[in-house]
file query37.tsv (TSV, C-alpha atoms)
chain	number	residue	atom	x	y	z
I	794	LEU	CA	0.00	0.00	0.00
I	795	GLY	CA	2.98	2.31	-0.42
I	796	ASN	CA	1.88	5.82	-1.52
I	797	THR	CA	-1.66	4.57	-2.14
I	798	PHE	CA	-3.51	7.59	-0.74
I	799	ALA	CA	-0.68	10.12	-0.49
I	800	TRP	CA	-1.92	13.71	-0.86
I	801	ILE	CA	-5.47	12.49	-1.54
I	802	SER	CA	-7.11	15.17	0.59
I	803	ASN	CA	-5.58	17.89	-1.56
I	804	ASN	CA	-6.95	16.28	-4.70
I	805	VAL	CA	-10.36	14.80	-4.04
I	806	SER	CA	-11.51	15.29	-0.45
I	807	THR	CA	-13.37	18.13	1.20
I	808	VAL	CA	-12.38	19.24	4.69
I	809	ALA	CA	-15.33	17.29	6.14
I	810	GLU	CA	-14.27	14.11	4.37
I	811	ARG	CA	-10.88	14.23	6.02
I	812	ASP	CA	-12.56	13.13	9.24
I	813	VAL	CA	-14.41	10.15	7.77
I	814	PHE	CA	-12.06	8.45	5.33
I	815	PRO	CA	-12.79	4.69	5.50
I	816	GLN	CA	-10.52	2.45	7.52
I	817	LEU	CA	-8.66	0.13	5.16
I	818	GLN	CA	-9.67	-3.49	5.64
I	819	THR	CA	-6.35	-5.28	5.48
I	820	SER	CA	-4.98	-8.75	6.21
I	821	ASP	CA	-1.78	-10.20	7.61
I	822	GLU	CA	-0.38	-10.24	4.05
I	823	LEU	CA	0.16	-6.49	4.25
I	824	THR	CA	3.86	-5.66	4.76
I	825	ASN	CA	4.33	-2.12	3.44
I	826	VAL	CA	2.38	1.05	4.29
I	827	SER	CA	5.16	3.45	3.30
I	828	ALA	CA	3.69	6.92	2.63
I	829	CYS	CA	0.22	5.37	2.49
I	830	PHE	CA	-1.49	8.36	4.11
I	831	THR	CA	1.21	11.02	3.92
I	832	THR	CA	-0.04	14.61	3.65
I	833	CYS	CA	-3.72	13.75	3.84
I	834	TYR	CA	-4.45	16.07	6.80
I	835	PHE	CA	-6.75	13.41	8.26
I	836	THR	CA	-7.94	13.67	11.86
I	837	ALA	CA	-9.51	10.19	12.08
I	838	TRP	CA	-10.89	7.32	10.01
I	839	LYS	CA	-14.31	5.65	9.75
I	840	ALA	CA	-14.73	2.04	10.86
I	841	PRO	CA	-17.02	-0.35	8.92
I	842	ASP	CA	-19.79	0.23	11.49
I	843	GLY	CA	-19.61	3.97	10.87
I	844	SER	CA	-17.89	4.85	14.12
I	845	ARG	CA	-14.82	7.01	14.38
I	846	THR	CA	-11.54	5.10	14.66
I	847	LEU	CA	-7.90	6.01	15.21
I	848	PHE	CA	-6.71	2.86	13.41
I	849	PRO	CA	-6.23	3.57	9.67
I	850	TRP	CA	-5.76	-0.15	8.87
I	851	SER	CA	-7.61	-3.11	10.34
I	852	ASN	CA	-4.57	-5.42	10.38
I	853	THR	CA	-0.92	-4.34	10.42
I	854	SER	CA	0.58	-7.31	12.25
I	855	LYS	CA	3.06	-8.13	9.46
I	856	VAL	CA	3.89	-4.60	8.31
I	857	THR	CA	7.64	-3.96	8.37
I	858	ASN	CA	7.87	-0.67	6.46
I	859	TRP	CA	6.16	2.33	8.12
I	860	ASN	CA	8.28	4.97	6.38
I	861	ASN	CA	6.19	8.19	6.22
I	862	ALA	CA	3.03	6.12	6.66
I	863	LEU	CA	1.14	8.85	8.53
I	864	SER	CA	3.33	11.90	8.09
I	865	ASN	CA	1.76	15.35	7.79
I	866	ASN	CA	-1.71	14.56	9.12
I	867	ARG	CA	-3.77	16.49	11.66
I	868	PHE	CA	-4.94	13.92	14.21
I	869	THR	CA	-4.39	14.84	17.87
I	870	GLU	CA	-4.09	11.17	18.81
I	871	ILE	CA	-3.57	7.85	17.06
I	872	GLY	CA	-4.34	4.31	18.13
I	873	THR	CA	-1.74	1.92	19.51
I	874	LEU	CA	-1.09	0.40	16.11
I	875	ASP	CA	0.06	-3.20	15.78
I	876	THR	CA	3.73	-2.66	14.95
I	877	GLN	CA	5.10	-5.98	16.19
I	878	SER	CA	6.83	-6.64	12.84
I	879	ALA	CA	8.04	-3.09	12.20
I	880	THR	CA	11.68	-2.53	11.23
I	881	ASP	CA	11.54	0.94	9.62
I	882	MET	CA	9.70	3.88	11.20
I	883	THR	CA	11.46	6.65	9.30
I	884	SER	CA	9.35	9.84	9.41
I	885	MET	CA	6.28	7.84	10.41
I	886	PHE	CA	4.70	10.81	12.23
I	887	LYS	CA	6.80	13.61	10.76
I	888	ASP	CA	4.95	16.95	10.56
I	889	CYS	CA	1.93	15.68	12.49
I	890	GLN	CA	1.62	19.11	14.02
I	891	GLU	CA	-1.43	18.37	16.20
I	892	LEU	CA	-0.24	15.06	17.70
I	893	LEU	CA	-0.14	15.33	21.49
I	894	ALA	CA	1.13	11.90	22.56
I	895	LEU	CA	3.11	9.08	20.98
I	896	PRO	CA	1.39	5.74	21.68
I	897	ALA	CA	3.27	2.82	23.24
I	898	LEU	CA	4.08	1.13	19.94
I	899	ASP	CA	5.97	-2.16	19.79
I	900	VAL	CA	9.35	-1.07	18.43
I	901	ARG	CA	11.44	-4.05	19.51
I	902	LYS	CA	12.49	-4.90	15.92
I	903	VAL	CA	12.89	-1.36	14.61
I	904	THR	CA	16.34	-0.29	13.45
I	905	THR	CA	15.49	3.10	11.94
I	906	PHE	CA	13.65	5.87	13.79
I	907	GLN	CA	15.05	8.62	11.58
I	908	ASN	CA	12.85	11.75	11.93
I	909	LEU	CA	10.07	9.68	13.53
I	910	CYS	CA	8.39	12.69	15.17
I	911	GLN	CA	10.19	15.54	13.47
I	912	SER	CA	8.27	18.83	13.75
I	913	CYS	CA	5.45	17.39	15.86
I	914	GLY	CA	5.15	20.79	17.47
I	915	LYS	CA	2.52	19.91	20.09
I	916	LEU	CA	3.94	16.55	21.15
I	917	THR	CA	4.32	16.47	24.95
I	918	SER	CA	4.05	12.80	25.95
I	919	LEU	CA	6.16	9.73	25.11
I	920	PRO	CA	5.67	6.04	26.05
I	921	ALA	CA	6.89	5.14	29.51
I	922	VAL	CA	9.84	2.88	30.21
I	923	GLY	CA	8.58	-0.69	30.64
I	924	THR	CA	6.19	-0.71	27.69
I	925	ASN	CA	6.90	-2.36	24.31
I	926	PHE	CA	8.60	0.87	23.32
I	927	LYS	CA	11.93	-0.94	23.72
I	928	PHE	CA	15.00	-0.46	21.58
I	929	ASP	CA	16.09	-4.08	21.27
I	930	ALA	CA	17.31	-4.26	17.64
I	931	ALA	CA	20.98	-3.89	16.68
I	932	ASP	CA	22.62	-0.74	15.26
I	933	ILE	CA	19.65	1.56	15.80
I	934	VAL	CA	19.46	5.02	14.22
I	935	VAL	CA	17.49	7.69	16.11
I	936	GLY	CA	18.68	10.70	14.12
I	937	GLY	CA	16.19	13.56	14.12
I	938	MET	CA	13.73	11.44	16.09
I	939	PHE	CA	12.45	14.43	18.10
I	940	TYR	CA	13.85	17.22	15.94
I	941	ASN	CA	11.89	20.47	16.30
I	942	CYS	CA	9.44	19.02	18.85
I	943	ALA	CA	9.17	22.37	20.58
I	944	ALA	CA	6.62	21.35	23.25
I	945	LEU	CA	8.52	18.21	24.29
I	946	THR	CA	10.30	19.04	27.54
I	947	SER	CA	11.29	15.65	28.99
I	948	ILE	CA	12.48	12.27	27.74
I	949	PRO	CA	12.07	8.92	29.56
I	950	ASN	CA	15.29	7.10	30.44
I	951	TYR	CA	15.09	4.53	27.64
I	952	ASP	CA	17.77	1.87	27.21
I	953	TRP	CA	19.64	3.08	24.14
I	954	SER	CA	22.60	0.74	24.49
I	955	ASN	CA	21.97	-0.49	20.91
I	956	VAL	CA	21.82	2.99	19.37
I	957	LYS	CA	24.65	3.79	16.96
I	958	SER	CA	23.67	7.23	15.66
I	959	MET	CA	21.99	10.23	17.33
I	960	VAL	CA	22.43	12.96	14.72
I	961	SER	CA	20.14	15.90	15.59
I	962	THR	CA	17.97	13.64	17.76
I	963	PHE	CA	16.82	16.46	20.07
I	964	GLN	CA	17.83	19.49	18.01
I	965	TYR	CA	15.38	22.41	18.39
I	966	SER	CA	13.20	20.43	20.83
I	967	GLY	CA	11.99	21.88	24.12
I	968	VAL	CA	13.93	19.61	26.47
I	969	THR	CA	15.81	21.20	29.35
I	970	SER	CA	17.70	18.10	30.48
I	971	LEU	CA	18.46	14.67	29.07
I	972	PRO	CA	18.66	11.25	30.81
I	973	THR	CA	21.57	8.82	30.67
I	974	PHE	CA	19.68	6.38	28.40
I	975	VAL	CA	21.19	3.56	30.53
I	976	SER	CA	24.15	3.31	28.15
I	977	LEU	CA	25.29	4.97	24.93
I	978	ALA	CA	28.54	3.05	24.75
I	979	ASN	CA	27.82	1.85	21.18
I	980	CYS	CA	26.87	5.23	19.75
I	981	ASN	CA	29.48	6.80	17.48
I	982	ASN	CA	27.72	9.80	15.93
I	983	PHE	CA	26.38	12.50	18.24
I	984	SER	CA	26.43	15.38	15.76
I	985	ALA	CA	24.00	18.13	16.84
I	986	ALA	CA	22.31	15.60	19.15
I	987	CYS	CA	22.01	18.12	21.99
I	988	ALA	CA	21.58	21.33	19.99
I	989	VAL	CA	18.78	22.49	22.27
I	990	THR	CA	18.29	26.12	23.25
I	991	ASP	CA	16.96	25.42	26.77
I	992	LEU	CA	19.49	22.74	27.77
I	993	THR	CA	21.17	23.84	31.00
I	994	GLU	CA	23.72	21.07	31.59
I	995	MET	CA	25.66	18.45	29.68
I	996	PRO	CA	23.95	15.05	29.89
I	997	ASP	CA	25.69	12.29	31.81
I	998	TRP	CA	26.44	10.19	28.73
I	999	ASP	CA	29.02	7.56	27.91
I	1000	ILE	CA	30.61	8.90	24.71
I	1001	SER	CA	33.55	6.51	24.75
I	1002	SER	CA	32.73	5.26	21.22
I	1003	ALA	CA	32.04	8.70	19.76
I	1004	THR	CA	33.79	9.56	16.50
I	1005	MET	CA	31.54	12.47	15.51
I	1006	LEU	CA	30.49	15.30	17.82
I	1007	ASN	CA	30.00	18.09	15.30
I	1008	ASP	CA	27.71	20.87	16.61
I	1009	ILE	CA	26.60	18.68	19.52
I	1010	PHE	CA	25.91	21.76	21.68
I	1011	SER	CA	25.19	24.25	18.92
I	1012	ASN	CA	22.80	27.03	20.03
I	1013	CYS	CA	22.88	25.83	23.66
I	1014	SER	CA	22.88	29.39	24.99
I	1015	LYS	CA	21.76	28.32	28.50
I	1016	LEU	CA	24.38	25.60	29.00
I	1017	ALA	CA	26.01	26.46	32.29
I	1018	SER	CA	28.04	23.38	33.24
I	1019	THR	CA	30.28	20.72	31.74
I	1020	ARG	CA	31.20	17.16	32.74
I	1021	SER	CA	34.74	16.01	33.44
I	1022	THR	CA	33.60	12.41	32.78
I	1023	TRP	CA	33.28	13.03	29.04
I	1024	LYS	CA	36.20	11.46	27.19
I	1025	PHE	CA	37.08	12.37	23.60
I	1026	ASP	CA	39.59	9.61	22.87
I	1027	ASN	CA	38.13	8.53	19.51
I	1028	VAL	CA	36.95	11.87	18.17
I	1029	GLY	CA	38.81	12.99	15.06
call {"tool": "encode", "arguments": {"input": "query37.tsv", "output": "structure tokens"}}
result
Amino acid sequence: LGNTFAWISNNVSTVAERDVFPQLQTSDELTNVSACFTTCYFTAWKAPDGSRTLFPWSNTSKVTNWNNALSNNRFTEIGTLDTQSATDMTSMFKDCQELLALPALDVRKVTTFQNLCQSCGKLTSLPAVGTNFKFDAADIVVGGMFYNCAALTSIPNYDWSNVKSMVSTFQYSGVTSLPTFVSLANCNNFSAACAVTDLTEMPDWDISSATMLNDIFSNCSKLASTRSTWKFDNVG
């Protein structure tokens, strides 16, 4: 279903129809919803019984590719989609400017979160530690994951020991402090990761594997302290 309904609201739908687009009746043979509903400006979908639903597809249990699946829509909330097979969530919710909370999706197989919630300007809530929002795959990329999430002020202490790249992960977000993420010993690229205007102190991170730190604290005008524990042995 890649790109199936991309931009459809600009072409054929009225504003009213953006609230009642039919839920797609899918099966466990569906594996790809890449850009399926990108830039549709939808706020909800209509279930077969006519009720409002926050689940755009009826069955996504085998979907691996969620790249841009729901980017640039206008829903304030979305259902806890079945993402048990997901491996790619690149830009899945990018530019969903009205989204208030990220549901506790199953991300245990996901390797790419690039720009997952980029420019979700009203996003304030993330899944708690202990849910299926666990970063268990190998060599995970979280670059730009919360880029320009201006209303997001805090981040749960997720276990990011399998993360390898954090380029611009929190750049231009609203966070004022960052957790340890249990361990970042495998992460090598931190470029612009902490380029956050309201950040007041350096996070207590293990950067022992870091090879790239370009612009990591760019625009951090409120940064008032450093950490002697940071070691730059591998940085070129």
call {"tool": "closest_residue", "arguments": {"input": "query37.tsv", "among": "I:Cys833, I:Met959, I:Ala1003, I:Ala894", "to": "Phe974 in chain I", "atoms": "only C-alpha atoms"}}
result
I:Met959
call {"tool": "closest_atom_pairs", "arguments": {"input": "query37.tsv", "of": "range 874-911 of chain I", "to": "range 926-937 of chain I", "cutoff": "7 Å", "atoms": "only C-alpha atoms", "output": "tab-separated table"}}
result
residue	atom	partner	partner_atom	distance
I:Ala897	CA	I:Phe926	CA	5.7
I:Leu898	CA	I:Phe926	CA	5.6
I:Asp899	CA	I:Phe926	CA	5.3
I:Val900	CA	I:Phe926	CA	5.3
I:Arg901	CA	I:Asp929	CA	5.0
I:Lys902	CA	I:Ala930	CA	5.2
I:Val903	CA	I:Ala930	CA	6.1
I:Thr904	CA	I:Ile933	CA	4.5
I:Thr905	CA	I:Val934	CA	5.0
I:Phe906	CA	I:Val935	CA	4.8
I:Gln907	CA	I:Gly936	CA	4.9
I:Asn908	CA	I:Gly937	CA	4.4
I:Gln911	CA	I:Gly937	CA	6.4
call {"tool": "residues_near_point", "arguments": {"input": "query37.tsv", "point": "(23.4, -1.2, 23.7)", "cutoff": "7 Å", "atoms": "all atoms listed in the file", "output": "PDB file with C-alpha atoms, in the coordinates of the input"}}
result
ATOM      1  CA  TRP I 953      19.640   3.080  24.140  1.00  0.00           C
ATOM      2  CA  SER I 954      22.600   0.740  24.490  1.00  0.00           C
ATOM      3  CA  ASN I 955      21.970  -0.490  20.910  1.00  0.00           C
ATOM      4  CA  VAL I 956      21.820   2.990  19.370  1.00  0.00           C
ATOM      5  CA  SER I 976      24.150   3.310  28.150  1.00  0.00           C
ATOM      6  CA  LEU I 977      25.290   4.970  24.930  1.00  0.00           C
ATOM      7  CA  ALA I 978      28.540   3.050  24.750  1.00  0.00           C
ATOM      8  CA  ASN I 979      27.820   1.850  21.180  1.00  0.00           C
TER       9      ASN I 979
END
call {"tool": "residues_around", "arguments": {"input": "query37.tsv", "residues": "Trp838 in chain I", "least_positions_apart": "5", "cutoff": "9 Å", "atoms": "all atoms listed in the file", "output": "list in words"}}
result
Arg811, Asp812, Val813, Phe814, Pro815, Gln816, Leu817, Ser844, Arg845, Thr846, Leu847, Phe848 and Pro849 of chain I
call {"tool": "closest_residue", "arguments": {"input": "query37.tsv", "among": "I:Ser854, I:Asn1012, I:Asn941, I:Asn866", "to": "Thr819 in chain I", "atoms": "only C-alpha atoms"}}
result
I:Ser854
call {"tool": "atom_distance", "arguments": {"input": "query37.tsv", "atom1": "CA of Val922 in chain I", "atom2": "CA of Phe886 in chain I"}}
result
20.3 Å
call {"tool": "decode", "arguments": {"input": "query37.tsv", "residues": "range 894-909 of chain I", "atoms": "N, CA and C atoms", "output": "PDB file, in the first residue's frame"}}
result
ATOM      1  N   ALA I 894       0.461  12.992  21.850  1.00  0.00           N
ATOM      2  CA  ALA I 894       1.132  11.898  22.557  1.00  0.00           C
ATOM      3  C   ALA I 894       1.506  10.784  21.586  1.00  0.00           C
ATOM      4  N   LEU I 895       2.678  10.226  21.769  1.00  0.00           N
ATOM      5  CA  LEU I 895       3.109   9.083  20.981  1.00  0.00           C
ATOM      6  C   LEU I 895       2.648   7.819  21.682  1.00  0.00           C
ATOM      7  N   PRO I 896       1.876   6.951  21.016  1.00  0.00           N
ATOM      8  CA  PRO I 896       1.389   5.740  21.682  1.00  0.00           C
ATOM      9  C   PRO I 896       2.522   4.755  21.959  1.00  0.00           C
ATOM     10  N   ALA I 897       2.269   3.823  22.852  1.00  0.00           N
ATOM     11  CA  ALA I 897       3.274   2.824  23.238  1.00  0.00           C
ATOM     12  C   ALA I 897       3.358   1.735  22.178  1.00  0.00           C
ATOM     13  N   LEU I 898       3.937   2.076  21.044  1.00  0.00           N
ATOM     14  CA  LEU I 898       4.080   1.134  19.942  1.00  0.00           C
ATOM     15  C   LEU I 898       5.112   0.063  20.279  1.00  0.00           C
ATOM     16  N   ASP I 899       4.984  -1.087  19.642  1.00  0.00           N
ATOM     17  CA  ASP I 899       5.967  -2.156  19.785  1.00  0.00           C
ATOM     18  C   ASP I 899       7.096  -1.870  18.797  1.00  0.00           C
ATOM     19  N   VAL I 900       8.233  -1.457  19.298  1.00  0.00           N
ATOM     20  CA  VAL I 900       9.351  -1.074  18.428  1.00  0.00           C
ATOM     21  C   VAL I 900      10.552  -1.992  18.615  1.00  0.00           C
ATOM     22  N   ARG I 901      10.329  -3.180  19.133  1.00  0.00           N
ATOM     23  CA  ARG I 901      11.436  -4.050  19.512  1.00  0.00           C
ATOM     24  C   ARG I 901      12.276  -4.546  18.337  1.00  0.00           C
ATOM     25  N   LYS I 902      11.734  -4.466  17.102  1.00  0.00           N
ATOM     26  CA  LYS I 902      12.493  -4.903  15.921  1.00  0.00           C
ATOM     27  C   LYS I 902      12.946  -3.729  15.049  1.00  0.00           C
ATOM     28  N   VAL I 903      12.611  -2.535  15.441  1.00  0.00           N
ATOM     29  CA  VAL I 903      12.885  -1.360  14.611  1.00  0.00           C
ATOM     30  C   VAL I 903      14.357  -0.977  14.685  1.00  0.00           C
ATOM     31  N   THR I 904      14.950  -0.735  13.518  1.00  0.00           N
ATOM     32  CA  THR I 904      16.341  -0.286  13.453  1.00  0.00           C
ATOM     33  C   THR I 904      16.460   1.180  13.047  1.00  0.00           C
ATOM     34  N   THR I 905      15.420   1.721  12.429  1.00  0.00           N
ATOM     35  CA  THR I 905      15.487   3.099  11.940  1.00  0.00           C
ATOM     36  C   THR I 905      14.311   3.917  12.451  1.00  0.00           C
ATOM     37  N   PHE I 906      14.637   4.919  13.281  1.00  0.00           N
ATOM     38  CA  PHE I 906      13.649   5.866  13.787  1.00  0.00           C
ATOM     39  C   PHE I 906      13.916   7.264  13.224  1.00  0.00           C
ATOM     40  N   GLN I 907      14.654   7.341  12.134  1.00  0.00           N
ATOM     41  CA  GLN I 907      15.055   8.625  11.577  1.00  0.00           C
ATOM     42  C   GLN I 907      13.842   9.552  11.400  1.00  0.00           C
ATOM     43  N   ASN I 908      13.892  10.708  12.068  1.00  0.00           N
ATOM     44  CA  ASN I 908      12.852  11.747  11.927  1.00  0.00           C
ATOM     45  C   ASN I 908      11.457  11.249  12.297  1.00  0.00           C
ATOM     46  N   LEU I 909      11.356  10.277  13.175  1.00  0.00           N
ATOM     47  CA  LEU I 909      10.070   9.682  13.525  1.00  0.00           C
ATOM     48  C   LEU I 909       9.011  10.732  13.857  1.00  0.00           C
TER      49      LEU I 909
END
